[in-house]
>>> print(open('protein26.txt').read())   # compact mmCIF, C-alpha atoms
# COMPACT_ATOMS: atom_id res chain seq x y z
CA MET A 1094 68.96 35.56 7.52
CA LYS A 1095 67.51 35.71 11.02
CA GLU A 1096 63.84 36.60 11.18
CA ILE A 1097 62.09 38.39 14.02
CA ILE A 1098 58.30 38.47 13.94
CA PHE A 1099 56.36 41.16 15.79
CA ASP A 1100 52.64 40.41 15.93
CA LYS A 1101 50.65 43.42 17.07
CA ASN A 1102 47.79 41.16 18.15
CA ASN A 1103 50.04 39.75 20.88
CA TYR A 1104 50.64 43.13 22.50
CA SER A 1105 48.54 44.99 25.03
CA SER A 1106 50.53 48.18 24.31
CA TYR A 1107 53.49 49.46 22.34
CA LYS A 1108 55.68 48.69 25.36
CA ASP A 1109 55.29 44.96 24.69
CA PHE A 1110 56.90 45.56 21.29
CA TYR A 1111 59.97 47.09 22.93
CA ILE A 1112 60.20 44.23 25.42
CA GLN A 1113 60.23 41.66 22.64
CA LEU A 1114 62.70 43.61 20.49
CA TYR A 1115 65.14 44.15 23.36
CA ASN A 1116 64.99 40.47 24.30
CA GLU A 1117 65.23 39.16 20.72
CA LEU A 1118 68.28 41.32 19.97
CA GLU A 1119 69.78 40.42 23.35
CA GLY A 1120 70.12 43.97 24.56
CA LYS A 1121 71.40 42.79 27.95
CA LYS A 1122 74.44 41.28 26.20
CA ILE A 1123 75.40 44.53 24.46
CA PRO A 1124 77.61 46.43 26.92
CA ASP A 1125 76.38 49.89 25.92
CA TRP A 1126 72.75 48.79 26.31
CA GLU A 1127 72.73 46.50 29.33
CA ASP A 1128 71.37 49.25 31.59
CA TYR A 1129 68.66 50.38 29.15
CA ASP A 1130 65.95 47.81 29.84
CA TYR A 1131 63.59 47.73 26.89
CA LEU A 1132 65.21 50.92 25.60
CA HIS A 1133 63.05 52.79 28.09
CA TYR A 1134 60.28 52.44 25.48
CA ASN A 1135 61.88 55.28 23.55
CA ALA A 1136 62.10 55.51 19.75
CA GLY A 1137 65.16 57.75 19.95
CA LEU A 1138 67.00 54.99 21.76
CA LEU A 1139 65.54 52.43 19.34
CA ASP A 1140 67.13 54.25 16.42
CA GLU A 1141 70.55 54.15 18.04
CA PHE A 1142 70.11 50.59 19.35
CA LEU A 1143 69.34 49.23 15.87
CA TRP A 1144 72.66 50.59 14.66
CA TYR A 1145 74.40 48.16 17.01
CA CYS A 1146 72.68 45.34 15.09
CA HIS A 1147 73.03 46.76 11.57
CA ASN A 1148 75.42 44.02 10.41
CA ASP A 1149 73.25 41.16 11.71
CA ASN A 1150 71.21 40.64 8.49
CA ILE A 1151 67.81 40.50 10.15
CA LYS A 1152 64.41 40.35 8.53
CA TYR A 1153 61.92 42.22 10.69
CA VAL A 1154 58.36 41.07 10.06
CA PHE A 1155 55.56 43.29 11.34
CA VAL A 1156 52.34 41.27 11.46
CA ASN A 1157 48.96 43.00 11.80
CA PHE A 1158 50.44 46.51 11.84
CA ASP A 1159 48.04 48.52 9.66
CA LYS A 1160 50.10 51.55 8.72
CA GLU A 1161 47.05 53.47 7.47
CA LYS A 1162 45.15 53.02 10.72
CA ILE A 1163 48.24 53.75 12.80
CA ALA A 1164 48.77 56.97 10.84
CA LEU A 1165 45.38 58.22 12.08
CA LYS A 1166 46.85 58.32 15.61
CA LYS A 1167 43.57 57.52 17.34
CA ASN A 1168 45.42 56.68 20.56
CA TYR A 1169 48.85 56.97 22.12
CA ASP A 1170 49.89 53.47 21.06
CA ASP A 1171 49.24 54.42 17.42
CA TYR A 1172 51.44 57.48 17.87
CA GLU A 1173 54.29 55.38 19.27
CA TYR A 1174 53.90 52.62 16.66
CA GLY A 1175 54.00 55.26 13.93
CA ILE A 1176 57.38 56.46 15.15
CA VAL A 1177 58.68 52.89 15.48
CA ILE A 1178 57.66 52.13 11.89
CA LYS A 1179 59.42 55.25 10.62
CA VAL A 1180 62.58 54.27 12.50
CA PHE A 1181 62.55 50.77 10.99
CA GLU A 1182 61.81 52.02 7.46
CA ARG A 1183 64.73 54.43 7.65
CA PHE A 1184 66.96 51.76 9.16
CA VAL A 1185 66.40 49.16 6.40
CA LYS A 1186 66.82 51.84 3.75
CA GLN A 1187 70.16 52.83 5.25
CA TYR A 1188 71.26 49.21 5.86
CA PRO A 1189 69.73 47.13 3.02
CA ASN A 1190 71.28 43.91 4.35
CA ASN A 1191 68.35 44.06 6.79
CA LYS A 1192 64.77 43.66 5.57
CA LEU A 1193 61.36 44.87 6.67
CA GLU A 1194 58.10 43.15 5.80
CA PHE A 1195 54.50 43.94 6.69
CA LYS A 1196 51.84 41.28 6.53
CA PHE A 1197 48.41 40.54 7.93
CA GLU A 1198 47.02 37.35 9.38
CA GLU A 1199 43.40 36.61 10.00
CA ASP A 1200 42.33 37.10 13.57
CA LYS A 1201 41.95 33.66 15.08
CA ASN A 1202 39.22 34.73 17.55
>>> encode(input="protein26.txt", output="structure tokens")
Amino acid sequence: MKEIIFDKNNYSSYKDFYIQLYNELEGKKIPDWEDYDYLHYNAGLLDEFLWYCHNDNIKYVFVNFDKEKIALKKNYDDYEYGIVIKVFERFVKQYPNNKLEFKFEEDKN
């Protein structure tokens, strides 16, 4: 099973998440998505884009994404991350050959 790790500490904004996801899943190589750089940072497009990869058996690991803090929506990034998390939770429920894991690592600073 392929594993993709998203570490929130490596991002300056939610847009960095989309950049990594689009690159990791090789969006440029999917004909229907080649013109949608980084899914235009849109969760609606993310939902549809993941469907194109639903048979790929991927484990998505979200590191340092505190769902409780994100749910408070203290800033716009939290709002966007909250939607992304919901999309992924629904996706792995619908396609259980894919997995979703949340974990925390100590801040190295």
>>> closest_residue(input="protein26.txt", among="A:Leu1165, A:Cys1146, A:Val1180, A:Leu1114", to="A:His1133", atoms="all atoms listed in the file")
A:Leu1114
>>> atom_distance(input="protein26.txt", atom1="atom CA of A:Glu1141", atom2="atom CA of A:Ile1097")
18.3 Å
>>> residues_around(input="protein26.txt", residues="A:Asn1103", least_positions_apart="4", cutoff="10 Å", atoms="all atoms listed in the file", output="PDB file with C-alpha atoms, in the coordinates of the input")
ATOM      1  CA  PHE A1099      56.360  41.160  15.790  1.00  0.00           C
ATOM      2  CA  ASP A1109      55.290  44.960  24.690  1.00  0.00           C
ATOM      3  CA  PHE A1110      56.900  45.560  21.290  1.00  0.00           C
ATOM      4  CA  VAL A1156      52.340  41.270  11.460  1.00  0.00           C
ATOM      5  CA  ASN A1157      48.960  43.000  11.800  1.00  0.00           C
TER       6      ASN A1157
END
>>> atom_distance(input="protein26.txt", atom1="atom CA of A:Lys1095", atom2="atom CA of A:Tyr1153")
8.6 Å
>>> residues_around(input="protein26.txt", residues="A:Lys1196", least_positions_apart="6", cutoff="10 Å", atoms="all atoms listed in the file", output="list in words")
Asp1100, Val1154, Phe1155, Val1156, Asn1157, Phe1158 and Asp1159 of chain A
>>> residues_around(input="protein26.txt", residues="A:Trp1144", least_positions_apart="6", cutoff="12 Å", atoms="all atoms listed in the file", output="NGL selection string")
:A and (1118 or 1123 or 1125-1126 or 1137-1138 or 1150 or 1180-1181 or 1183-1185 or 1187-1188 or 1191)
>>> closest_residue(input="protein26.txt", among="A:Asn1116, A:Leu1132, A:Ser1106, A:Ile1098", to="A:Asn1168", atoms="all atoms listed in the file")
A:Ser1106
>>> residues_around(input="protein26.txt", residues="A:Ile1163", least_positions_apart="4", cutoff="8 Å", atoms="only C-alpha atoms", output="short mmCIF file (atom, residue, chain, number, x, y, z; two decimals) with C-alpha atoms, keeping the file's coordinate frame")
data_model
loop_
_atom_site.label_atom_id
_atom_site.label_comp_id
_atom_site.auth_asym_id
_atom_site.auth_seq_id
_atom_site.Cartn_x
_atom_site.Cartn_y
_atom_site.Cartn_z
CA PHE A 1158 50.44 46.51 11.84
CA ASP A 1159 48.04 48.52 9.66
CA LYS A 1167 43.57 57.52 17.34
CA ASP A 1171 49.24 54.42 17.42
CA TYR A 1172 51.44 57.48 17.87
CA TYR A 1174 53.90 52.62 16.66
CA GLY A 1175 54.00 55.26 13.93
#
>>> closest_residue(input="protein26.txt", among="A:Glu1161, A:Ser1105, A:Val1177, A:Glu1119", to="A:Tyr1134", atoms="all atoms listed in the file")
A:Val1177
>>> atom_distance(input="protein26.txt", atom1="atom CA of A:Lys1101", atom2="atom CA of A:Lys1121")
23.4 Å
>>> closest_residue(input="protein26.txt", among="A:Lys1152, A:Glu1173, A:Met1094, A:Asn1102", to="A:Asn1135", atoms="only C-alpha atoms")
A:Glu1173
>>> decode(input="protein26.txt", residues="stretch 1151-1163 of chain A", atoms="all heavy atoms", output="tab-separated table (two decimals), in the first residue's frame")
chain	number	residue	atom	x	y	z
A	1151	ILE	N	-4.26	3.63	-1.21
A	1151	ILE	CA	-3.33	4.59	-0.63
A	1151	ILE	C	-3.67	4.80	0.85
A	1151	ILE	O	-4.83	4.93	1.21
A	1151	ILE	CB	-3.38	5.94	-1.37
A	1151	ILE	CG1	-2.96	5.74	-2.84
A	1151	ILE	CG2	-2.49	6.98	-0.70
A	1151	ILE	CD1	-3.14	6.95	-3.71
A	1152	LYS	N	-2.63	4.88	1.65
A	1152	LYS	CA	-2.78	5.25	3.05
A	1152	LYS	C	-2.39	6.71	3.16
A	1152	LYS	O	-1.25	7.09	2.90
A	1152	LYS	CB	-1.89	4.38	3.94
A	1152	LYS	CG	-1.99	4.74	5.40
A	1152	LYS	CD	-1.10	3.80	6.22
A	1152	LYS	CE	-1.19	4.10	7.69
A	1152	LYS	NZ	-0.30	3.21	8.46
A	1153	TYR	N	-3.34	7.54	3.54
A	1153	TYR	CA	-3.12	8.97	3.71
A	1153	TYR	C	-2.85	9.23	5.20
A	1153	TYR	O	-3.69	8.92	6.04
A	1153	TYR	CB	-4.34	9.77	3.26
A	1153	TYR	CG	-4.67	9.56	1.80
A	1153	TYR	CD1	-5.63	8.62	1.40
A	1153	TYR	CD2	-4.03	10.29	0.82
A	1153	TYR	CE1	-5.93	8.44	0.06
A	1153	TYR	CE2	-4.34	10.12	-0.52
A	1153	TYR	CZ	-5.29	9.18	-0.89
A	1153	TYR	OH	-5.58	8.99	-2.22
A	1154	VAL	N	-1.68	9.75	5.49
A	1154	VAL	CA	-1.30	10.00	6.88
A	1154	VAL	C	-1.25	11.51	7.10
A	1154	VAL	O	-0.46	12.22	6.46
A	1154	VAL	CB	0.07	9.37	7.21
A	1154	VAL	CG1	0.42	9.61	8.67
A	1154	VAL	CG2	0.06	7.88	6.90
A	1155	PHE	N	-2.09	12.00	8.00
A	1155	PHE	CA	-2.15	13.40	8.34
A	1155	PHE	C	-1.40	13.58	9.66
A	1155	PHE	O	-1.86	13.14	10.71
A	1155	PHE	CB	-3.59	13.86	8.49
A	1155	PHE	CG	-4.31	14.09	7.20
A	1155	PHE	CD1	-4.49	13.07	6.28
A	1155	PHE	CD2	-4.83	15.34	6.89
A	1155	PHE	CE1	-5.17	13.28	5.08
A	1155	PHE	CE2	-5.50	15.57	5.70
A	1155	PHE	CZ	-5.67	14.53	4.79
A	1156	VAL	N	-0.25	14.22	9.59
A	1156	VAL	CA	0.60	14.43	10.76
A	1156	VAL	C	0.40	15.86	11.26
A	1156	VAL	O	0.43	16.81	10.49
A	1156	VAL	CB	2.09	14.17	10.40
A	1156	VAL	CG1	2.98	14.41	11.61
A	1156	VAL	CG2	2.27	12.76	9.86
A	1157	ASN	N	0.20	15.96	12.57
A	1157	ASN	CA	0.06	17.26	13.24
A	1157	ASN	C	-1.19	18.03	12.82
A	1157	ASN	O	-1.21	19.26	12.87
A	1157	ASN	CB	1.32	18.11	13.05
A	1157	ASN	CG	2.54	17.43	13.63
A	1157	ASN	OD1	2.50	16.94	14.76
A	1157	ASN	ND2	3.61	17.35	12.85
A	1158	PHE	N	-2.23	17.34	12.40
A	1158	PHE	CA	-3.52	17.95	12.12
A	1158	PHE	C	-4.40	17.68	13.34
A	1158	PHE	O	-4.91	16.58	13.52
A	1158	PHE	CB	-4.18	17.32	10.88
A	1158	PHE	CG	-3.60	17.79	9.58
A	1158	PHE	CD1	-2.42	17.25	9.09
A	1158	PHE	CD2	-4.24	18.76	8.84
A	1158	PHE	CE1	-1.89	17.66	7.89
A	1158	PHE	CE2	-3.72	19.19	7.63
A	1158	PHE	CZ	-2.54	18.65	7.15
A	1159	ASP	N	-4.57	18.68	14.19
A	1159	ASP	CA	-5.39	18.54	15.40
A	1159	ASP	C	-6.83	18.86	15.03
A	1159	ASP	O	-7.21	20.03	14.89
A	1159	ASP	CB	-4.87	19.49	16.48
A	1159	ASP	CG	-5.56	19.30	17.81
A	1159	ASP	OD1	-6.73	18.84	17.84
A	1159	ASP	OD2	-4.93	19.61	18.84
A	1160	LYS	N	-7.62	17.82	14.88
A	1160	LYS	CA	-9.00	18.00	14.41
A	1160	LYS	C	-9.81	18.87	15.36
A	1160	LYS	O	-10.67	19.63	14.92
A	1160	LYS	CB	-9.67	16.65	14.20
A	1160	LYS	CG	-9.07	15.90	13.04
A	1160	LYS	CD	-9.71	14.59	12.64
A	1160	LYS	CE	-10.69	13.92	13.47
A	1160	LYS	NZ	-11.23	12.68	12.91
A	1161	GLU	N	-9.55	18.77	16.66
A	1161	GLU	CA	-10.31	19.59	17.62
A	1161	GLU	C	-9.99	21.07	17.46
A	1161	GLU	O	-10.90	21.91	17.48
A	1161	GLU	CB	-10.01	19.13	19.05
A	1161	GLU	CG	-10.60	17.78	19.37
A	1161	GLU	CD	-10.29	17.32	20.79
A	1161	GLU	OE1	-9.85	18.14	21.61
A	1161	GLU	OE2	-10.49	16.13	21.07
A	1162	LYS	N	-8.72	21.39	17.30
A	1162	LYS	CA	-8.34	22.80	17.10
A	1162	LYS	C	-8.83	23.31	15.75
A	1162	LYS	O	-9.28	24.45	15.64
A	1162	LYS	CB	-6.83	22.96	17.20
A	1162	LYS	CG	-6.31	22.89	18.61
A	1162	LYS	CD	-4.82	23.14	18.66
A	1162	LYS	CE	-4.30	23.04	20.08
A	1162	LYS	NZ	-2.83	23.23	20.13
A	1163	ILE	N	-8.72	22.49	14.74
A	1163	ILE	CA	-9.18	22.88	13.41
A	1163	ILE	C	-10.68	23.16	13.42
A	1163	ILE	O	-11.16	24.10	12.79
A	1163	ILE	CB	-8.81	21.80	12.37
A	1163	ILE	CG1	-7.28	21.81	12.14
A	1163	ILE	CG2	-9.55	22.01	11.05
A	1163	ILE	CD1	-6.76	20.65	11.32
